[in-house]
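Text of the file coords_10.cif, holding mmCIF, C-alpha atoms and all ligand atoms:
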data_upload
loop_
_atom_site.group_PDB
_atom_site.id
_atom_site.type_symbol
_atom_site.label_atom_id
_atom_site.label_comp_id
_atom_site.auth_asym_id
_atom_site.auth_seq_id
_atom_site.Cartn_x
_atom_site.Cartn_y
_atom_site.Cartn_z
ATOM 1 C CA MET J 5 67.533 -68.577 165.824
ATOM 2 C CA ASP J 6 70.023 -65.901 164.766
ATOM 3 C CA LEU J 7 68.336 -62.950 163.040
ATOM 4 C CA THR J 8 71.425 -60.741 163.009
ATOM 5 C CA THR J 9 71.630 -58.855 159.772
ATOM 6 C CA ASN J 10 73.998 -56.360 158.226
ATOM 7 C CA VAL J 11 72.353 -53.309 156.682
ATOM 8 C CA THR J 12 74.739 -50.816 155.054
ATOM 9 C CA GLY J 13 77.468 -51.928 157.433
ATOM 10 C CA LEU J 14 75.322 -51.627 160.567
ATOM 11 C CA GLN J 15 74.855 -54.796 162.622
ATOM 12 C CA LEU J 16 71.161 -55.215 163.472
ATOM 13 C CA ARG J 17 70.087 -57.858 166.010
ATOM 14 C CA ASN J 18 66.987 -58.432 163.863
ATOM 15 C CA PRO J 19 65.587 -56.806 160.675
ATOM 16 C CA THR J 20 62.813 -54.723 162.340
ATOM 17 C CA ILE J 21 63.295 -50.947 162.514
ATOM 18 C CA LEU J 22 61.123 -48.170 163.975
ATOM 19 C CA ALA J 23 59.920 -45.934 161.064
ATOM 20 C CA ALA J 24 60.521 -42.165 161.048
ATOM 21 C CA GLY J 25 58.059 -39.932 162.849
ATOM 22 C CA ILE J 26 56.647 -42.557 165.217
ATOM 23 C CA LEU J 27 57.759 -42.117 168.852
ATOM 24 C CA GLY J 28 61.083 -40.817 167.558
ATOM 25 C CA SER J 29 61.178 -37.300 169.011
ATOM 26 C CA THR J 30 62.816 -37.957 172.365
ATOM 27 C CA ALA J 31 65.550 -40.167 173.780
ATOM 28 C CA SER J 32 63.125 -41.744 176.255
ATOM 29 C CA SER J 33 60.594 -42.803 173.601
ATOM 30 C CA LEU J 34 63.396 -44.137 171.359
ATOM 31 C CA LYS J 35 64.706 -46.152 174.293
ATOM 32 C CA ARG J 36 61.241 -47.532 174.999
ATOM 33 C CA VAL J 37 61.117 -48.832 171.396
ATOM 34 C CA MET J 38 64.622 -50.323 171.726
ATOM 35 C CA SER J 39 63.515 -52.208 174.804
ATOM 36 C CA SER J 40 60.521 -53.602 172.907
ATOM 37 C CA GLY J 41 62.891 -55.452 170.595
ATOM 38 C CA ALA J 42 63.549 -53.237 167.539
ATOM 39 C CA GLY J 43 66.745 -53.972 165.611
ATOM 40 C CA ALA J 44 67.267 -50.230 165.000
ATOM 41 C CA VAL J 45 65.317 -46.996 165.354
ATOM 42 C CA VAL J 46 64.768 -44.010 163.059
ATOM 43 C CA THR J 47 64.102 -40.616 164.662
ATOM 44 C CA LYS J 48 61.472 -38.057 163.735
ATOM 45 C CA SER J 49 62.594 -35.974 160.738
ATOM 46 C CA ILE J 50 64.802 -33.108 161.914
ATOM 47 C CA GLY J 51 65.409 -29.841 160.016
ATOM 48 C CA VAL J 52 67.375 -26.593 160.253
ATOM 49 C CA ALA J 53 64.820 -24.663 162.298
ATOM 50 C CA LEU J 54 62.029 -25.218 164.808
ATOM 51 C CA ARG J 55 58.706 -25.866 163.041
ATOM 52 C CA GLU J 56 55.309 -25.981 164.745
ATOM 53 C CA GLY J 57 53.858 -28.030 161.890
ATOM 54 C CA HIS J 58 50.387 -27.827 160.343
ATOM 55 C CA PRO J 59 47.220 -26.747 162.200
ATOM 56 C CA GLY J 60 45.175 -29.567 163.777
ATOM 57 C CA PRO J 61 43.763 -32.034 163.467
ATOM 58 C CA VAL J 62 47.087 -33.451 162.298
ATOM 59 C CA MET J 63 46.216 -37.133 162.583
ATOM 60 C CA ILE J 64 43.027 -39.151 162.301
ATOM 61 C CA GLN J 65 42.184 -42.826 162.129
ATOM 62 C CA THR J 66 40.068 -43.880 159.138
ATOM 63 C CA GLU J 67 38.655 -47.322 158.397
ATOM 64 C CA HIS J 68 41.556 -47.734 155.950
ATOM 65 C CA GLY J 69 44.462 -46.588 158.122
ATOM 66 C CA PHE J 70 45.870 -43.395 159.616
ATOM 67 C CA LEU J 71 45.836 -40.061 157.831
ATOM 68 C CA ASN J 72 48.441 -37.577 159.034
ATOM 69 C CA ALA J 73 49.619 -34.099 158.131
ATOM 70 C CA ILE J 74 52.015 -33.292 160.944
ATOM 71 C CA GLY J 75 53.903 -30.867 158.702
ATOM 72 C CA LEU J 76 57.469 -31.737 159.707
ATOM 73 C CA ALA J 77 57.038 -30.336 163.218
ATOM 74 C CA ASN J 78 60.464 -30.629 164.904
ATOM 75 C CA PRO J 79 62.663 -28.860 167.460
ATOM 76 C CA SER J 80 65.585 -28.044 165.004
ATOM 77 C CA TYR J 81 68.903 -29.863 164.915
ATOM 78 C CA HIS J 82 70.396 -27.604 167.615
ATOM 79 C CA GLU J 83 67.755 -28.706 170.103
ATOM 80 C CA PHE J 84 67.777 -32.347 169.008
ATOM 81 C CA THR J 85 71.515 -32.897 169.566
ATOM 82 C CA HIS J 86 71.219 -33.725 173.275
ATOM 83 C CA GLU J 87 68.293 -36.144 172.688
ATOM 84 C CA LEU J 88 70.397 -37.970 170.117
ATOM 85 C CA LYS J 89 73.395 -38.227 172.446
ATOM 86 C CA GLU J 90 71.127 -39.694 175.135
ATOM 87 C CA ALA J 91 69.348 -42.088 172.766
ATOM 88 C CA LYS J 92 72.576 -43.747 171.661
ATOM 89 C CA GLY J 93 72.991 -47.241 173.022
ATOM 90 C CA GLU J 94 71.335 -50.600 172.647
ATOM 91 C CA VAL J 95 70.756 -50.537 168.866
ATOM 92 C CA PRO J 96 71.724 -48.270 165.933
ATOM 93 C CA VAL J 97 70.015 -44.873 165.820
ATOM 94 C CA ILE J 98 69.325 -43.559 162.330
ATOM 95 C CA VAL J 99 68.524 -39.860 162.165
ATOM 96 C CA SER J 100 65.885 -38.793 159.658
ATOM 97 C CA ILE J 101 66.653 -35.338 158.296
ATOM 98 C CA PHE J 102 64.889 -32.956 155.927
ATOM 99 C CA GLY J 103 65.590 -29.686 154.173
ATOM 100 C CA ARG J 104 64.538 -27.471 151.291
ATOM 101 C CA ASN J 105 67.674 -28.146 149.235
ATOM 102 C CA ALA J 106 71.108 -29.799 149.298
ATOM 103 C CA GLU J 107 72.609 -26.989 151.419
ATOM 104 C CA GLU J 108 69.983 -27.367 154.158
ATOM 105 C CA PHE J 109 70.328 -31.155 154.224
ATOM 106 C CA LYS J 110 74.092 -30.772 154.542
ATOM 107 C CA GLU J 111 73.753 -28.206 157.330
ATOM 108 C CA VAL J 112 71.501 -30.516 159.369
ATOM 109 C CA ALA J 113 73.728 -33.556 158.813
ATOM 110 C CA LEU J 114 76.859 -31.657 159.834
ATOM 111 C CA GLY J 115 75.040 -30.146 162.809
ATOM 112 C CA LEU J 116 74.101 -33.589 164.123
ATOM 113 C CA ILE J 117 77.165 -35.642 163.216
ATOM 114 C CA GLY J 118 78.969 -34.753 166.469
ATOM 115 C CA ALA J 119 76.183 -36.420 168.480
ATOM 116 C CA GLY J 120 77.049 -39.761 166.892
ATOM 117 C CA PRO J 121 74.209 -40.891 164.594
ATOM 118 C CA ASP J 122 74.783 -44.392 163.178
ATOM 119 C CA ALA J 123 73.311 -43.349 159.799
ATOM 120 C CA PHE J 124 71.166 -40.650 158.210
ATOM 121 C CA GLU J 125 67.851 -41.223 156.458
ATOM 122 C CA LEU J 126 67.055 -38.407 154.012
ATOM 123 C CA ASN J 127 63.366 -37.571 153.978
ATOM 124 C CA LEU J 128 62.760 -36.970 150.265
ATOM 125 C CA SER J 129 59.239 -38.300 150.495
ATOM 126 C CA CYS J 130 56.914 -36.492 152.938
ATOM 127 C CA PRO J 131 53.746 -35.764 150.862
ATOM 128 C CA HIS J 132 52.324 -32.848 152.849
ATOM 129 C CA ALA J 133 54.982 -30.130 153.263
ATOM 130 C CA GLU J 134 55.259 -27.831 150.253
ATOM 131 C CA GLY J 135 58.853 -27.442 149.015
ATOM 132 C CA TYR J 136 60.121 -30.370 151.091
ATOM 133 C CA GLY J 137 60.000 -34.159 150.996
ATOM 134 C CA ALA J 138 58.179 -35.605 148.006
ATOM 135 C CA SER J 139 58.490 -32.383 145.981
ATOM 136 C CA LEU J 140 62.260 -33.065 145.978
ATOM 137 C CA GLY J 141 62.060 -36.868 145.853
ATOM 138 C CA GLU J 142 60.022 -36.774 142.659
ATOM 139 C CA ASP J 143 62.891 -35.058 140.823
ATOM 140 C CA PRO J 144 65.783 -37.480 140.159
ATOM 141 C CA ASN J 145 68.245 -34.560 139.722
ATOM 142 C CA GLU J 146 67.430 -33.214 143.186
ATOM 143 C CA VAL J 147 67.615 -36.710 144.668
ATOM 144 C CA GLU J 148 71.089 -37.227 143.258
ATOM 145 C CA LYS J 149 72.304 -33.750 144.250
ATOM 146 C CA ILE J 150 71.019 -33.941 147.835
ATOM 147 C CA THR J 151 72.289 -37.496 148.345
ATOM 148 C CA ARG J 152 75.746 -36.578 147.077
ATOM 149 C CA ALA J 153 75.923 -33.432 149.236
ATOM 150 C CA VAL J 154 75.174 -35.388 152.436
ATOM 151 C CA LYS J 155 77.318 -38.342 151.435
ATOM 152 C CA GLU J 156 80.332 -36.075 150.864
ATOM 153 C CA ALA J 157 79.783 -34.242 154.154
ATOM 154 C CA VAL J 158 79.566 -37.199 156.557
ATOM 155 C CA ASN J 159 81.215 -40.581 157.046
ATOM 156 C CA VAL J 160 78.182 -42.626 158.151
ATOM 157 C CA PRO J 161 75.788 -44.569 155.878
ATOM 158 C CA VAL J 162 73.185 -42.502 154.040
ATOM 159 C CA TRP J 163 69.706 -43.951 153.420
ATOM 160 C CA VAL J 164 67.302 -42.182 151.042
ATOM 161 C CA LYS J 165 63.571 -42.464 151.726
ATOM 162 C CA LEU J 166 61.538 -42.298 148.536
ATOM 163 C CA PRO J 167 57.930 -41.366 147.753
ATOM 164 C CA PRO J 168 55.605 -44.013 146.219
ATOM 165 C CA LEU J 169 55.673 -42.995 142.571
ATOM 166 C CA THR J 170 55.175 -45.031 139.461
ATOM 167 C CA SER J 171 58.674 -43.774 138.598
ATOM 168 C CA ILE J 172 60.183 -44.734 141.959
ATOM 169 C CA VAL J 173 62.945 -46.685 140.221
ATOM 170 C CA LYS J 174 64.182 -43.478 138.535
ATOM 171 C CA SER J 175 64.486 -41.747 141.896
ATOM 172 C CA GLY J 176 66.064 -44.897 143.359
ATOM 173 C CA LEU J 177 68.691 -45.021 140.632
ATOM 174 C CA ALA J 178 69.397 -41.303 141.165
ATOM 175 C CA ALA J 179 69.937 -41.951 144.885
ATOM 176 C CA GLN J 180 72.274 -44.820 144.079
ATOM 177 C CA LYS J 181 74.192 -42.612 141.622
ATOM 178 C CA GLY J 182 74.519 -39.929 144.317
ATOM 179 C CA GLY J 183 76.169 -42.503 146.598
ATOM 180 C CA ALA J 184 73.258 -43.690 148.767
ATOM 181 C CA ASP J 185 73.991 -46.792 150.835
ATOM 182 C CA ALA J 186 70.306 -47.771 150.864
ATOM 183 C CA VAL J 187 66.893 -46.623 149.706
ATOM 184 C CA VAL J 188 63.858 -46.772 151.969
ATOM 185 C CA ALA J 189 60.445 -47.326 150.344
ATOM 186 C CA ILE J 190 57.867 -45.896 151.002
ATOM 187 C CA ASN J 191 56.516 -42.847 152.793
ATOM 188 C CA THR J 192 52.773 -42.230 153.141
ATOM 189 C CA LEU J 193 50.504 -41.850 150.097
ATOM 190 C CA PRO J 194 48.815 -38.466 149.432
ATOM 191 C CA ALA J 195 45.256 -38.802 150.754
ATOM 192 C CA MET J 196 42.327 -37.020 152.433
ATOM 193 C CA ALA J 197 39.021 -37.419 154.262
ATOM 194 C CA ILE J 198 35.928 -35.168 154.122
ATOM 195 C CA ASP J 199 33.345 -34.659 156.856
ATOM 196 C CA ILE J 200 29.942 -34.873 155.148
ATOM 197 C CA GLU J 201 28.086 -32.921 157.846
ATOM 198 C CA SER J 202 30.304 -29.843 157.914
ATOM 199 C CA ARG J 203 31.429 -30.392 154.308
ATOM 200 C CA PHE J 204 34.994 -29.595 155.353
ATOM 201 C CA PRO J 205 38.138 -31.662 154.773
ATOM 202 C CA VAL J 206 38.917 -33.282 158.122
ATOM 203 C CA LEU J 207 42.659 -32.565 158.386
ATOM 204 C CA GLY J 208 43.738 -29.041 159.279
ATOM 205 C CA ASN J 209 46.038 -29.126 156.252
ATOM 206 C CA ILE J 210 43.155 -30.416 154.047
ATOM 207 C CA SER J 211 45.215 -33.349 152.782
ATOM 208 C CA GLY J 212 47.875 -35.568 154.275
ATOM 209 C CA GLY J 213 49.456 -38.999 154.020
ATOM 210 C CA LEU J 214 47.840 -42.421 154.329
ATOM 211 C CA SER J 215 49.682 -45.163 156.207
ATOM 212 C CA GLY J 216 48.914 -48.649 157.504
ATOM 213 C CA ALA J 217 47.542 -51.861 155.984
ATOM 214 C CA ALA J 218 45.986 -50.142 152.943
ATOM 215 C CA ILE J 219 49.378 -49.106 151.534
ATOM 216 C CA LYS J 220 51.150 -52.451 151.960
ATOM 217 C CA PRO J 221 50.572 -53.754 148.402
ATOM 218 C CA VAL J 222 51.831 -50.431 146.983
ATOM 219 C CA ALA J 223 54.960 -50.487 149.138
ATOM 220 C CA LEU J 224 55.635 -54.103 148.274
ATOM 221 C CA LYS J 225 55.572 -53.377 144.542
ATOM 222 C CA CYS J 226 57.967 -50.454 145.064
ATOM 223 C CA VAL J 227 60.421 -52.672 146.981
ATOM 224 C CA TYR J 228 60.165 -55.430 144.377
ATOM 225 C CA ASP J 229 60.880 -53.030 141.497
ATOM 226 C CA LEU J 230 63.738 -51.301 143.336
ATOM 227 C CA TYR J 231 65.369 -54.611 144.244
ATOM 228 C CA ALA J 232 65.307 -55.695 140.610
ATOM 229 C CA ALA J 233 66.949 -52.451 139.426
ATOM 230 C CA LEU J 234 69.378 -51.358 142.175
ATOM 231 C CA ASN J 235 72.389 -52.957 143.798
ATOM 232 C CA ILE J 236 72.245 -51.239 147.186
ATOM 233 C CA ASP J 237 70.166 -52.249 150.231
ATOM 234 C CA ILE J 238 66.401 -51.747 150.040
ATOM 235 C CA ILE J 239 64.501 -51.124 153.276
ATOM 236 C CA GLY J 240 60.758 -51.789 153.065
ATOM 237 C CA VAL J 241 58.118 -49.766 154.913
ATOM 238 C CA GLY J 242 54.338 -49.496 154.593
ATOM 239 C CA GLY J 243 51.613 -51.444 156.351
ATOM 240 C CA VAL J 244 53.770 -54.008 158.129
ATOM 241 C CA SER J 245 52.008 -55.266 161.253
ATOM 242 C CA SER J 246 52.726 -59.009 161.314
ATOM 243 C CA TRP J 247 55.650 -61.340 160.661
ATOM 244 C CA ARG J 248 53.883 -62.482 157.485
ATOM 245 C CA ASP J 249 53.839 -58.874 156.172
ATOM 246 C CA ALA J 250 57.524 -58.509 157.055
ATOM 247 C CA LEU J 251 58.389 -61.719 155.280
ATOM 248 C CA GLU J 252 56.637 -60.596 152.097
ATOM 249 C CA PHE J 253 58.918 -57.561 152.040
ATOM 250 C CA ILE J 254 62.007 -59.705 152.621
ATOM 251 C CA LEU J 255 60.944 -62.064 149.822
ATOM 252 C CA ALA J 256 60.550 -58.976 147.593
ATOM 253 C CA GLY J 257 64.166 -58.085 148.351
ATOM 254 C CA ALA J 258 64.122 -55.945 151.490
ATOM 255 C CA SER J 259 67.165 -56.233 153.788
ATOM 256 C CA ALA J 260 65.075 -54.911 156.674
ATOM 257 C CA ILE J 261 61.604 -53.494 157.347
ATOM 258 C CA GLU J 262 60.502 -50.346 159.095
ATOM 259 C CA ILE J 263 57.294 -50.328 161.112
ATOM 260 C CA GLY J 264 55.184 -47.217 161.737
ATOM 261 C CA SER J 265 51.408 -47.280 162.209
ATOM 262 C CA ALA J 266 51.360 -50.767 163.749
ATOM 263 C CA VAL J 267 53.360 -49.458 166.734
ATOM 264 C CA TYR J 268 50.251 -47.498 167.832
ATOM 265 C CA GLU J 269 48.355 -50.792 168.126
ATOM 266 C CA ASP J 270 51.148 -52.900 169.652
ATOM 267 C CA MET J 271 54.281 -51.476 171.253
ATOM 268 C CA ASP J 272 55.841 -54.943 171.189
ATOM 269 C CA VAL J 273 55.283 -55.454 167.461
ATOM 270 C CA PHE J 274 59.068 -55.635 166.875
ATOM 271 C CA ARG J 275 59.456 -58.609 169.210
ATOM 272 C CA HIS J 276 56.338 -60.318 167.817
ATOM 273 C CA ILE J 277 57.542 -59.929 164.219
ATOM 274 C CA SER J 278 61.084 -61.136 165.015
ATOM 275 C CA GLU J 279 59.731 -64.192 166.809
ATOM 276 C CA GLY J 280 57.473 -65.026 163.842
ATOM 277 C CA ILE J 281 60.311 -64.676 161.322
ATOM 278 C CA ALA J 282 62.559 -66.850 163.497
ATOM 279 C CA ARG J 283 59.889 -69.568 163.681
ATOM 280 C CA TYR J 284 59.358 -69.468 159.919
ATOM 281 C CA LEU J 285 63.099 -69.794 159.257
ATOM 282 C CA GLN J 286 63.393 -72.637 161.718
ATOM 283 C CA ASP J 287 60.400 -74.487 160.200
ATOM 284 C CA THR J 288 61.726 -74.082 156.656
ATOM 285 C CA GLY J 289 65.378 -74.719 157.529
ATOM 286 C CA CYS J 290 66.461 -71.457 155.901
ATOM 287 C CA ASP J 291 68.345 -68.405 157.050
ATOM 288 C CA LEU J 292 67.483 -64.802 156.241
ATOM 289 C CA GLU J 293 69.838 -64.659 153.257
ATOM 290 C CA ASP J 294 68.110 -67.634 151.632
ATOM 291 C CA VAL J 295 64.735 -65.908 151.620
ATOM 292 C CA GLN J 296 65.782 -62.338 150.836
ATOM 293 C CA GLY J 297 64.660 -61.579 147.270
ATOM 294 C CA ALA J 298 63.515 -65.165 146.729
ATOM 295 C CA ALA J 299 60.218 -64.020 145.171
ATOM 296 C CA VAL J 300 61.859 -61.785 142.575
ATOM 297 C CA ARG J 301 61.410 -63.322 139.114
HETATM 298 C C1 LIG S 401 52.164 -39.839 162.539
HETATM 299 C C2 LIG S 401 53.180 -40.105 161.468
HETATM 300 C C3 LIG S 401 54.300 -39.288 161.379
HETATM 301 C C4 LIG S 401 55.273 -39.531 160.399
HETATM 302 N N1 LIG S 401 56.379 -38.729 160.346
HETATM 303 C C5 LIG S 401 57.358 -38.995 159.436
HETATM 304 C C6 LIG S 401 58.552 -38.233 159.422
HETATM 305 O O1 LIG S 401 58.777 -37.342 160.254
HETATM 306 N N2 LIG S 401 59.472 -38.518 158.450
HETATM 307 C C7 LIG S 401 59.301 -39.517 157.523
HETATM 308 O O2 LIG S 401 60.184 -39.743 156.675
HETATM 309 N N3 LIG S 401 58.186 -40.291 157.549
HETATM 310 C C8 LIG S 401 57.216 -40.054 158.472
HETATM 311 N N4 LIG S 401 56.096 -40.842 158.507
HETATM 312 C C9 LIG S 401 55.953 -41.955 157.553
HETATM 313 C C10 LIG S 401 56.354 -43.282 158.186
HETATM 314 O O3 LIG S 401 57.715 -43.274 158.563
HETATM 315 C C11 LIG S 401 56.102 -44.458 157.200
HETATM 316 O O4 LIG S 401 56.861 -44.268 156.023
HETATM 317 C C12 LIG S 401 54.643 -44.585 156.820
HETATM 318 O O5 LIG S 401 53.796 -44.324 157.917
HETATM 319 C C13 LIG S 401 54.313 -45.958 156.245
HETATM 320 O O6 LIG S 401 54.563 -46.980 157.174
HETATM 321 P P1 LIG S 401 53.407 -47.641 158.107
HETATM 322 O O7 LIG S 401 52.308 -48.063 157.182
HETATM 323 O O8 LIG S 401 54.103 -48.778 158.800
HETATM 324 O O9 LIG S 401 52.957 -46.569 159.036
HETATM 325 C C14 LIG S 401 55.108 -40.605 159.479
HETATM 326 C C15 LIG S 401 53.963 -41.425 159.577
HETATM 327 C C16 LIG S 401 53.006 -41.199 160.557
HETATM 328 C C17 LIG S 401 51.800 -42.108 160.635
#

Show the structure stored in the file as structure tokens.
Amino acid sequence: MDLTTNVTGLQLRNPTILAAGILGSTASSLKRVMSSGAGAVVTKSIGVALREGHPGPVMIQTEHGFLNAIGLANPSYHEFTHELKEAKGEVPVIVSIFGRNAEEFKEVALGLIGAGPDAFELNLSCPHAEGYGASLGEDPNEVEKITRAVKEAVNVPVWVKLPPLTSIVKSGLAAQKGGADAVVAINTLPAMAIDIESRFPVLGNISGGLSGAAIKPVALKCVYDLYAALNIDIIGVGGVSSWRDALEFILAGASAIEIGSAVYEDMDVFRHISEGIARYLQDTGCDLEDVQGAAVR
């Protein structure tokens, strides 16, 4: 069964993509994910300067999913260039980038373009780094400005990753107006855990972002609403761990799905999901295009 799909001009062998921040810091880990069947991979978010990130613990498992506050730890775009060159190969590599403003985003994109990224994903959605991510993604003017600045600077597709807001469509429309080729929905939801014995918040940063199964219904609604309002590609992410989850996102209008937390449970989740989608299409006599957006009323 052919699962080849075109997302913003990139040919993907199947619609599963590694989400940003999961095993995406080195060429060797990106290659490991490629060999486990992903249709494309997104790197860890990369910025202008080296950042150590937040104090630990930076990630915990709760009964509802993972909580993380990594704090945009990254080696800087200078240091990441050689990893990117080495990671290039089997499937498209999308580089997630972040900055404090349009100028920083542009600097990072221009700094990395020589290493041959297949697309950029703008992190306008991280919920736990003051002045970055969601603080920009919640403001449609900033979203439009930053998207346009990167779009004008580089000649590869630009994806914009949005935070899960009730007004996500406003930010999505702003990204589209700024020239985005796709929007990616969603990043983690602001969340926390408290230790009742010590009476301290568990994460070093006090609060962080929730990911995994608990956020799937939220992400699905965001994708559904964006698909109804925008005419660029929508990439769904949040709580996908099975082919059934992936299919829900495709029925809500997603062109592809990114997978994060589930990779920690099953490195071969990409292959398992692709096989399940292929079986479903075969059983129903449909192809991917027939089902994409089919649930949108
Ligand atoms: C440990 C961890 C690190 C993450 N780092 C990033 C990041 O660097 N940039 C980003 O845009 N999203 C980051 N995310 C968010 C994921 O890409 C994804 O949007 C989110 O986890 C929801 O998907 P999931 O439920 O499949 O994990 C991170 C998530 C986790 C769990």

### Surrounding residues as number ranges by chain, ligand LIG 401 (chain S), max 7 Å, all atoms listed in the file
J: 23-26, 48-49, 63, 70-72, 74, 76, 100, 127, 129-130, 165, 190-192, 215-217, 219-220, 241-244, 262-266

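For the pair CA of Leu230 (chain J) and CA of Val173 (chain J), the separation is 5.6 Å.
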
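Proximity of J:Arg152, J:Arg301, J:Lys35, J:Arg275 to Leu88 (chain J), computed with only C-alpha atoms, is greatest for J:Lys35.
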
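Look at Leu224 (chain J): the protein and nucleic acid residues within 8 Å of it, using all atoms listed in the file and passing over chain neighbours fewer than 6 places away, are Gly240, Gly242, Glu252, Phe253 and Ala256 of chain J.
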
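Picture a line from CA of Leu214 (chain J) to CA of Val62 (chain J); it runs 12.0 Å.
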
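Distance-wise, CA of Tyr136 (chain J) and CA of Val45 (chain J) end up 22.5 Å apart.
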